[in-house]
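Let me begin by presenting the structure, written as C-alpha cells, before commenting on it.
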Amino acid sequence: MLKNPIQLRLEKLEPWQHLTFMVSLCERMYPNYAFFCAETQFTDGQRYRVILDSVWEILTVKNAKINFESQLEKLEDMVPSENDYDLYAVRPAIDACVALADLLHAMLDRDLMMETVVKLSALSAETVADLESAQTGIEITNDNQKQNEAVCAEWDTQWEIFRALKEAESRDIDLIKDLRAELRDEPISNIGIAL
C-alpha cells in the first residue's frame with residue numbers, strides 16, 4: 001500500500017469530511033470505468049454514475065434516504081473480470097468499482113470509516129502507480145514514489161481536496177456541492193482519462 005502523510009491527517013477529520021473525501025476520489029475514478037465500458041460495451045457506465053450520485057445526494061440533500069445495500073447489489077453486477085479482457089483499462093475500471101464498494105460498505109458500517117478512507121486514498125494512488133509501472137516497467141514503491149510525476153500529482157490532488165475539507169468548521173453543503181461541481185466540470189480521472 002502506498003503511503004503518504006495525508007493518510008494520518010485524514011484521521012483528524014469528521015465523518016462527513018471522510019465521506020466527502022472518499023466520494024471525491026470515486027468521482028475522479030469514474031472516467032476510468034466509463035472509458036472501459038465505452039471501449040468494451042461491458043455495461044452502461046452511467047450505472048456507476050447513478051450509484052455515485054446517490055452518495056453525493058446523501059451528503060447534500062437533507063433527509064435523503066438511500067438503500068446502500070441495494071446499491072451494493074447493483075454494483076456487484078457492474079464489476080468486470082480481469083480474466084475476460086485483454087485490455088489494460090479493465091484494471092482501473094475494477095479499481096473504481098472496488099473504491100465505490102468500499103465507500104458503500106463504510107456508509108453501512110461507520111466503524112469501517114477510518115480504515116476505508118485510508119484504503120481509498122492508497123487505492124487511488126496505486127491505480128496511478130500501476131499504470132506508471134505498466135508503461136515504464138519500474139515498480140512504484142513507497143521509496144521511489146516521489147520520483148514519479150504522476151503519483152506526485154495524485155497525492156497533490158488528494159491534498160487539495162483534504163485542505164478544502166479541513167478548513168470547514170462544520171458540515172458545509174456548499175463546499176460539498178462546489179467540490180462535486182469542480183470534479184465534474186473537468187472530468188479527468190486520476191490516470192488522466194478525460195470524458
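Scheme for the C-alpha cells: letters A, B, ... for chains in order shown; per-chain residue numbers from 1; ligand numbers from 1 in order shown.
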
Who sits within 12 Å of A:Ala93, only C-alpha atoms, same chain under 2 positions skipped, as a PyMOL selection string: chain A and resi 26+28-40+42-43+45+48+78-82+85+87-91+95-100+124+127+189-191+193

Exercise: A:Asp174 partners within 10 Å, only C-alpha atoms, chain neighbours under 5 positions left out, as a compact mmCIF listing (two decimals) with C-alpha atoms, in the first residue's frame:
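Everything below was put into part-v5.txt:
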# COMPACT_ATOMS: atom_id res chain seq x y z
CA THR A 60 -26.06 17.36 0.13
CA LEU A 179 -16.20 20.06 -4.85
CA ARG A 180 -18.63 17.88 -6.82

Quick one: residues within 12 Å of A:Glu126, only C-alpha atoms counted, chain neighbours fewer than 6 positions away excluded, as a PDB file with all heavy atoms, in the first residue's frame?
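As written to disk, selection-v1.pdb reads:
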ATOM      1  N   MET A   1       0.843  -1.178   0.000  1.00  0.00           N
ATOM      2  CA  MET A   1       0.000   0.000   0.000  1.00  0.00           C
ATOM      3  C   MET A   1       0.889   1.242   0.000  1.00  0.00           C
ATOM      4  O   MET A   1       1.772   1.377   0.836  1.00  0.00           O
ATOM      5  CB  MET A   1      -0.895  -0.021   1.245  1.00  0.00           C
ATOM      6  CG  MET A   1      -1.817   1.162   1.330  1.00  0.00           C
ATOM      7  SD  MET A   1      -3.130   1.001   2.560  1.00  0.00           S
ATOM      8  CE  MET A   1      -2.341   1.702   3.984  1.00  0.00           C
ATOM      9  N   LEU A   2       0.637   2.137  -0.944  1.00  0.00           N
ATOM     10  CA  LEU A   2       1.391   3.384  -0.979  1.00  0.00           C
ATOM     11  C   LEU A   2       0.946   4.268   0.179  1.00  0.00           C
ATOM     12  O   LEU A   2      -0.241   4.384   0.475  1.00  0.00           O
ATOM     13  CB  LEU A   2       1.187   4.102  -2.310  1.00  0.00           C
ATOM     14  CG  LEU A   2       1.843   3.466  -3.526  1.00  0.00           C
ATOM     15  CD1 LEU A   2       1.554   4.292  -4.775  1.00  0.00           C
ATOM     16  CD2 LEU A   2       3.342   3.299  -3.344  1.00  0.00           C
ATOM     17  N   LYS A   3       1.927   4.888   0.803  1.00  0.00           N
ATOM     18  CA  LYS A   3       1.624   5.737   1.965  1.00  0.00           C
ATOM     19  C   LYS A   3       2.025   7.175   1.700  1.00  0.00           C
ATOM     20  O   LYS A   3       2.932   7.443   0.933  1.00  0.00           O
ATOM     21  CB  LYS A   3       2.361   5.202   3.190  1.00  0.00           C
ATOM     22  CG  LYS A   3       1.885   3.829   3.571  1.00  0.00           C
ATOM     23  CD  LYS A   3       2.355   3.435   4.932  1.00  0.00           C
ATOM     24  CE  LYS A   3       1.724   2.111   5.188  1.00  0.00           C
ATOM     25  NZ  LYS A   3       1.789   1.426   6.282  1.00  0.00           N
ATOM     26  N   ASN A   4       1.290   8.057   2.384  1.00  0.00           N
ATOM     27  CA  ASN A   4       1.537   9.486   2.286  1.00  0.00           C
ATOM     28  C   ASN A   4       1.089  10.102   3.608  1.00  0.00           C
ATOM     29  O   ASN A   4       0.135   9.607   4.211  1.00  0.00           O
ATOM     30  CB  ASN A   4       0.729  10.064   1.111  1.00  0.00           C
ATOM     31  CG  ASN A   4       1.044  11.520   0.861  1.00  0.00           C
ATOM     32  OD1 ASN A   4       0.548  12.405   1.559  1.00  0.00           O
ATOM     33  ND2 ASN A   4       1.852  11.781  -0.141  1.00  0.00           N
ATOM     34  N   MET A  29     -12.305   8.585 -10.178  1.00  0.00           N
ATOM     35  CA  MET A  29     -12.079   7.280 -10.800  1.00  0.00           C
ATOM     36  C   MET A  29     -13.186   6.920 -11.795  1.00  0.00           C
ATOM     37  O   MET A  29     -13.012   6.032 -12.628  1.00  0.00           O
ATOM     38  CB  MET A  29     -11.958   6.202  -9.714  1.00  0.00           C
ATOM     39  CG  MET A  29     -10.749   6.415  -8.808  1.00  0.00           C
ATOM     40  SD  MET A  29     -10.721   5.297  -7.409  1.00  0.00           S
ATOM     41  CE  MET A  29      -9.603   4.054  -8.029  1.00  0.00           C
ATOM     42  N   ARG A  91      -8.281  -2.909 -15.494  1.00  0.00           N
ATOM     43  CA  ARG A  91      -7.733  -2.771 -14.134  1.00  0.00           C
ATOM     44  C   ARG A  91      -8.186  -1.484 -13.436  1.00  0.00           C
ATOM     45  O   ARG A  91      -8.671  -1.534 -12.306  1.00  0.00           O
ATOM     46  CB  ARG A  91      -6.225  -2.916 -14.170  1.00  0.00           C
ATOM     47  CG  ARG A  91      -5.834  -4.371 -14.562  1.00  0.00           C
ATOM     48  CD  ARG A  91      -4.392  -4.553 -14.859  1.00  0.00           C
ATOM     49  NE  ARG A  91      -3.575  -4.365 -13.674  1.00  0.00           N
ATOM     50  CZ  ARG A  91      -2.247  -4.286 -13.707  1.00  0.00           C
ATOM     51  NH1 ARG A  91      -1.605  -4.386 -14.846  1.00  0.00           N
ATOM     52  NH2 ARG A  91      -1.571  -4.113 -12.607  1.00  0.00           N
ATOM     53  N   PRO A  92      -8.041  -0.314 -14.081  1.00  0.00           N
ATOM     54  CA  PRO A  92      -8.571   0.894 -13.429  1.00  0.00           C
ATOM     55  C   PRO A  92     -10.095   0.857 -13.249  1.00  0.00           C
ATOM     56  O   PRO A  92     -10.619   1.436 -12.304  1.00  0.00           O
ATOM     57  CB  PRO A  92      -8.154   2.037 -14.369  1.00  0.00           C
ATOM     58  CG  PRO A  92      -7.114   1.482 -15.256  1.00  0.00           C
ATOM     59  CD  PRO A  92      -7.276   0.007 -15.285  1.00  0.00           C
ATOM     60  N   ASP A  95     -10.633  -1.098 -10.152  1.00  0.00           N
ATOM     61  CA  ASP A  95     -10.270  -0.249  -9.011  1.00  0.00           C
ATOM     62  C   ASP A  95     -11.390   0.742  -8.681  1.00  0.00           C
ATOM     63  O   ASP A  95     -11.694   0.981  -7.509  1.00  0.00           O
ATOM     64  CB  ASP A  95      -8.973   0.520  -9.284  1.00  0.00           C
ATOM     65  CG  ASP A  95      -7.728  -0.363  -9.231  1.00  0.00           C
ATOM     66  OD1 ASP A  95      -7.822  -1.534  -8.791  1.00  0.00           O
ATOM     67  OD2 ASP A  95      -6.657   0.140  -9.620  1.00  0.00           O
ATOM     68  N   ALA A  96     -12.000   1.301  -9.713  1.00  0.00           N
ATOM     69  CA  ALA A  96     -13.104   2.252  -9.499  1.00  0.00           C
ATOM     70  C   ALA A  96     -14.267   1.554  -8.792  1.00  0.00           C
ATOM     71  O   ALA A  96     -14.880   2.124  -7.872  1.00  0.00           O
ATOM     72  CB  ALA A  96     -13.562   2.848 -10.828  1.00  0.00           C
ATOM     73  N   ALA A  99     -13.327   0.839  -5.124  1.00  0.00           N
ATOM     74  CA  ALA A  99     -13.403   2.074  -4.339  1.00  0.00           C
ATOM     75  C   ALA A  99     -14.847   2.395  -3.977  1.00  0.00           C
ATOM     76  O   ALA A  99     -15.159   2.706  -2.817  1.00  0.00           O
ATOM     77  CB  ALA A  99     -12.775   3.232  -5.105  1.00  0.00           C
ATOM     78  N   LYS A 119      -7.696   3.457   2.988  1.00  0.00           N
ATOM     79  CA  LYS A 119      -7.626   2.462   1.911  1.00  0.00           C
ATOM     80  C   LYS A 119      -7.916   3.095   0.546  1.00  0.00           C
ATOM     81  O   LYS A 119      -7.226   2.827  -0.434  1.00  0.00           O
ATOM     82  CB  LYS A 119      -8.638   1.346   2.211  1.00  0.00           C
ATOM     83  CG  LYS A 119      -8.602   0.178   1.290  1.00  0.00           C
ATOM     84  CD  LYS A 119      -9.599  -0.874   1.775  1.00  0.00           C
ATOM     85  CE  LYS A 119      -9.733  -2.008   0.811  1.00  0.00           C
ATOM     86  NZ  LYS A 119     -10.816  -2.928   1.190  1.00  0.00           N
ATOM     87  N   LEU A 120      -8.941   3.953   0.483  1.00  0.00           N
ATOM     88  CA  LEU A 120      -9.277   4.602  -0.784  1.00  0.00           C
ATOM     89  C   LEU A 120      -8.208   5.581  -1.237  1.00  0.00           C
ATOM     90  O   LEU A 120      -7.921   5.695  -2.430  1.00  0.00           O
ATOM     91  CB  LEU A 120     -10.632   5.298  -0.703  1.00  0.00           C
ATOM     92  CG  LEU A 120     -11.794   4.507  -1.298  1.00  0.00           C
ATOM     93  CD1 LEU A 120     -12.038   3.224  -0.557  1.00  0.00           C
ATOM     94  CD2 LEU A 120     -13.038   5.351  -1.352  1.00  0.00           C
ATOM     95  N   GLU A 132       1.695   3.641 -14.302  1.00  0.00           N
ATOM     96  CA  GLU A 132       3.080   4.082 -14.488  1.00  0.00           C
ATOM     97  C   GLU A 132       4.023   2.881 -14.589  1.00  0.00           C
ATOM     98  O   GLU A 132       4.915   2.851 -15.422  1.00  0.00           O
ATOM     99  CB  GLU A 132       3.507   5.003 -13.338  1.00  0.00           C
ATOM    100  CG  GLU A 132       2.800   6.341 -13.336  1.00  0.00           C
ATOM    101  CD  GLU A 132       3.157   7.184 -14.549  1.00  0.00           C
ATOM    102  OE1 GLU A 132       4.357   7.471 -14.744  1.00  0.00           O
ATOM    103  OE2 GLU A 132       2.249   7.556 -15.295  1.00  0.00           O
ATOM    104  N   SER A 133       3.816   1.882 -13.745  1.00  0.00           N
ATOM    105  CA  SER A 133       4.647   0.676 -13.776  1.00  0.00           C
ATOM    106  C   SER A 133       4.459  -0.075 -15.086  1.00  0.00           C
ATOM    107  O   SER A 133       5.425  -0.575 -15.671  1.00  0.00           O
ATOM    108  CB  SER A 133       4.297  -0.253 -12.605  1.00  0.00           C
ATOM    109  OG  SER A 133       4.614   0.360 -11.379  1.00  0.00           O
ATOM    110  N   ALA A 134       3.204  -0.149 -15.561  1.00  0.00           N
ATOM    111  CA  ALA A 134       2.924  -0.836 -16.828  1.00  0.00           C
ATOM    112  C   ALA A 134       3.604  -0.126 -17.994  1.00  0.00           C
ATOM    113  O   ALA A 134       4.082  -0.768 -18.937  1.00  0.00           O
ATOM    114  CB  ALA A 134       1.414  -0.926 -17.059  1.00  0.00           C
ATOM    115  N   GLU A 139       8.559  -0.666 -10.945  1.00  0.00           N
ATOM    116  CA  GLU A 139       7.561  -0.749  -9.884  1.00  0.00           C
ATOM    117  C   GLU A 139       7.633   0.499  -9.003  1.00  0.00           C
ATOM    118  O   GLU A 139       8.716   0.934  -8.615  1.00  0.00           O
ATOM    119  CB  GLU A 139       7.790  -1.998  -9.032  1.00  0.00           C
ATOM    120  CG  GLU A 139       6.736  -2.165  -7.960  1.00  0.00           C
ATOM    121  CD  GLU A 139       6.987  -3.350  -7.046  1.00  0.00           C
ATOM    122  OE1 GLU A 139       7.966  -4.084  -7.262  1.00  0.00           O
ATOM    123  OE2 GLU A 139       6.207  -3.508  -6.096  1.00  0.00           O
ATOM    124  N   ILE A 140       6.469   1.070  -8.710  1.00  0.00           N
ATOM    125  CA  ILE A 140       6.411   2.239  -7.831  1.00  0.00           C
ATOM    126  C   ILE A 140       6.243   1.739  -6.397  1.00  0.00           C
ATOM    127  O   ILE A 140       5.328   0.974  -6.099  1.00  0.00           O
ATOM    128  CB  ILE A 140       5.228   3.159  -8.201  1.00  0.00           C
ATOM    129  CG1 ILE A 140       5.245   3.528  -9.690  1.00  0.00           C
ATOM    130  CG2 ILE A 140       5.224   4.404  -7.320  1.00  0.00           C
ATOM    131  CD1 ILE A 140       6.379   4.371 -10.143  1.00  0.00           C
ATOM    132  N   THR A 141       7.126   2.186  -5.535  1.00  0.00           N
ATOM    133  CA  THR A 141       7.086   1.785  -4.126  1.00  0.00           C
ATOM    134  C   THR A 141       7.053   3.038  -3.250  1.00  0.00           C
ATOM    135  O   THR A 141       7.189   4.164  -3.753  1.00  0.00           O
ATOM    136  CB  THR A 141       8.338   0.963  -3.757  1.00  0.00           C
ATOM    137  OG1 THR A 141       9.490   1.819  -3.893  1.00  0.00           O
ATOM    138  CG2 THR A 141       8.490  -0.269  -4.657  1.00  0.00           C
ATOM    139  N   ASN A 142       6.922   2.833  -1.949  1.00  0.00           N
ATOM    140  CA  ASN A 142       6.974   3.972  -1.034  1.00  0.00           C
ATOM    141  C   ASN A 142       8.327   4.682  -1.122  1.00  0.00           C
ATOM    142  O   ASN A 142       8.415   5.881  -0.910  1.00  0.00           O
ATOM    143  CB  ASN A 142       6.703   3.517   0.403  1.00  0.00           C
ATOM    144  CG  ASN A 142       5.229   3.308   0.641  1.00  0.00           C
ATOM    145  OD1 ASN A 142       4.401   4.128   0.255  1.00  0.00           O
ATOM    146  ND2 ASN A 142       4.873   2.201   1.259  1.00  0.00           N
ATOM    147  N   GLN A 145       8.334   6.568  -4.940  1.00  0.00           N
ATOM    148  CA  GLN A 145       7.150   7.252  -5.466  1.00  0.00           C
ATOM    149  C   GLN A 145       7.356   8.752  -5.674  1.00  0.00           C
ATOM    150  O   GLN A 145       6.734   9.346  -6.550  1.00  0.00           O
ATOM    151  CB  GLN A 145       5.927   6.988  -4.583  1.00  0.00           C
ATOM    152  CG  GLN A 145       6.019   7.569  -3.188  1.00  0.00           C
ATOM    153  CD  GLN A 145       4.728   7.376  -2.403  1.00  0.00           C
ATOM    154  OE1 GLN A 145       3.638   7.568  -2.942  1.00  0.00           O
ATOM    155  NE2 GLN A 145       4.850   7.021  -1.135  1.00  0.00           N
ATOM    156  N   ALA A 150       3.476  11.458 -12.010  1.00  0.00           N
ATOM    157  CA  ALA A 150       2.037  11.161 -11.995  1.00  0.00           C
ATOM    158  C   ALA A 150       1.556  10.813 -10.590  1.00  0.00           C
ATOM    159  O   ALA A 150       0.482  11.249 -10.163  1.00  0.00           O
ATOM    160  CB  ALA A 150       1.724  10.026 -12.972  1.00  0.00           C
ATOM    161  N   VAL A 151       2.334  10.028  -9.864  1.00  0.00           N
ATOM    162  CA  VAL A 151       1.956   9.673  -8.493  1.00  0.00           C
ATOM    163  C   VAL A 151       1.982  10.922  -7.611  1.00  0.00           C
ATOM    164  O   VAL A 151       1.068  11.133  -6.796  1.00  0.00           O
ATOM    165  CB  VAL A 151       2.863   8.551  -7.937  1.00  0.00           C
ATOM    166  CG1 VAL A 151       2.595   8.311  -6.452  1.00  0.00           C
ATOM    167  CG2 VAL A 151       2.661   7.257  -8.728  1.00  0.00           C
ATOM    168  N   CYS A 152       2.989  11.762  -7.785  1.00  0.00           N
ATOM    169  CA  CYS A 152       3.055  13.016  -7.014  1.00  0.00           C
ATOM    170  C   CYS A 152       1.846  13.902  -7.324  1.00  0.00           C
ATOM    171  O   CYS A 152       1.284  14.527  -6.416  1.00  0.00           O
ATOM    172  CB  CYS A 152       4.349  13.762  -7.305  1.00  0.00           C
ATOM    173  SG  CYS A 152       5.810  12.979  -6.596  1.00  0.00           S
ATOM    174  N   GLU A 154      -1.103  12.878  -8.182  1.00  0.00           N
ATOM    175  CA  GLU A 154      -2.254  12.280  -7.499  1.00  0.00           C
ATOM    176  C   GLU A 154      -2.274  12.687  -6.032  1.00  0.00           C
ATOM    177  O   GLU A 154      -3.312  13.092  -5.499  1.00  0.00           O
ATOM    178  CB  GLU A 154      -2.225  10.752  -7.634  1.00  0.00           C
ATOM    179  CG  GLU A 154      -3.209  10.017  -6.742  1.00  0.00           C
ATOM    180  CD  GLU A 154      -4.672  10.354  -6.991  1.00  0.00           C
ATOM    181  OE1 GLU A 154      -5.024  10.876  -8.072  1.00  0.00           O
ATOM    182  OE2 GLU A 154      -5.493  10.106  -6.083  1.00  0.00           O
ATOM    183  N   TRP A 155      -1.126  12.580  -5.371  1.00  0.00           N
ATOM    184  CA  TRP A 155      -1.080  12.993  -3.956  1.00  0.00           C
ATOM    185  C   TRP A 155      -1.411  14.478  -3.818  1.00  0.00           C
ATOM    186  O   TRP A 155      -2.115  14.879  -2.890  1.00  0.00           O
ATOM    187  CB  TRP A 155       0.293  12.694  -3.336  1.00  0.00           C
ATOM    188  CG  TRP A 155       0.574  11.236  -3.116  1.00  0.00           C
ATOM    189  CD1 TRP A 155       1.670  10.540  -3.567  1.00  0.00           C
ATOM    190  CD2 TRP A 155      -0.207  10.275  -2.379  1.00  0.00           C
ATOM    191  NE1 TRP A 155       1.606   9.228  -3.156  1.00  0.00           N
ATOM    192  CE2 TRP A 155       0.473   9.038  -2.434  1.00  0.00           C
ATOM    193  CE3 TRP A 155      -1.412  10.353  -1.693  1.00  0.00           C
ATOM    194  CZ2 TRP A 155      -0.020   7.883  -1.813  1.00  0.00           C
ATOM    195  CZ3 TRP A 155      -1.911   9.201  -1.085  1.00  0.00           C
ATOM    196  CH2 TRP A 155      -1.221   7.993  -1.145  1.00  0.00           C
ATOM    197  N   ASN A 190      -7.958  10.059 -12.257  1.00  0.00           N
ATOM    198  CA  ASN A 190      -6.658  10.029 -11.585  1.00  0.00           C
ATOM    199  C   ASN A 190      -5.550   9.551 -12.515  1.00  0.00           C
ATOM    200  O   ASN A 190      -4.387   9.833 -12.275  1.00  0.00           O
ATOM    201  CB  ASN A 190      -6.726   9.187 -10.299  1.00  0.00           C
ATOM    202  CG  ASN A 190      -7.214   7.773 -10.544  1.00  0.00           C
ATOM    203  OD1 ASN A 190      -7.765   7.435 -11.595  1.00  0.00           O
ATOM    204  ND2 ASN A 190      -7.027   6.934  -9.544  1.00  0.00           N
ATOM    205  N   ILE A 191      -5.908   8.836 -13.593  1.00  0.00           N
ATOM    206  CA  ILE A 191      -4.864   8.397 -14.549  1.00  0.00           C
ATOM    207  C   ILE A 191      -4.927   9.180 -15.858  1.00  0.00           C
ATOM    208  O   ILE A 191      -4.344   8.790 -16.859  1.00  0.00           O
ATOM    209  CB  ILE A 191      -4.930   6.868 -14.818  1.00  0.00           C
ATOM    210  CG1 ILE A 191      -6.290   6.455 -15.386  1.00  0.00           C
ATOM    211  CG2 ILE A 191      -4.569   6.093 -13.555  1.00  0.00           C
ATOM    212  CD1 ILE A 191      -6.337   5.008 -15.865  1.00  0.00           C
TER     213      ILE A 191
END

Expected answer as a PyMOL selection string: alpha helix (DSSP H) residues in stretch 28-191 of chain A: chain A and resi 28-40+46-60+68-76+90-108+113-136+149-166+173-185

Selection near stretch 61-66 of chain A, 12 Å with only C-alpha atoms, sequence-local residues under 5 positions removed, as a ChimeraX atom specification: /A:50-56,71-72,104,107-108,171-174,176-177

Nearest to A:Met114 by atom-to-atom distance, counting only C-alpha atoms, from A:Leu13, A:Leu59, A:Ile6, A:Ala168: A:Leu13

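Using only C-alpha atoms, the shortest contact distance between A:Asp130 and any of A:Leu8, A:Pro187, A:Asn148, A:Glu73 is found at A:Asn148.
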
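Ranking A:Glu11, A:Ser70, A:Trp16, A:Ser121 by their shortest atom-to-atom distance to A:Trp159, with only C-alpha atoms included, puts A:Ser121 first.
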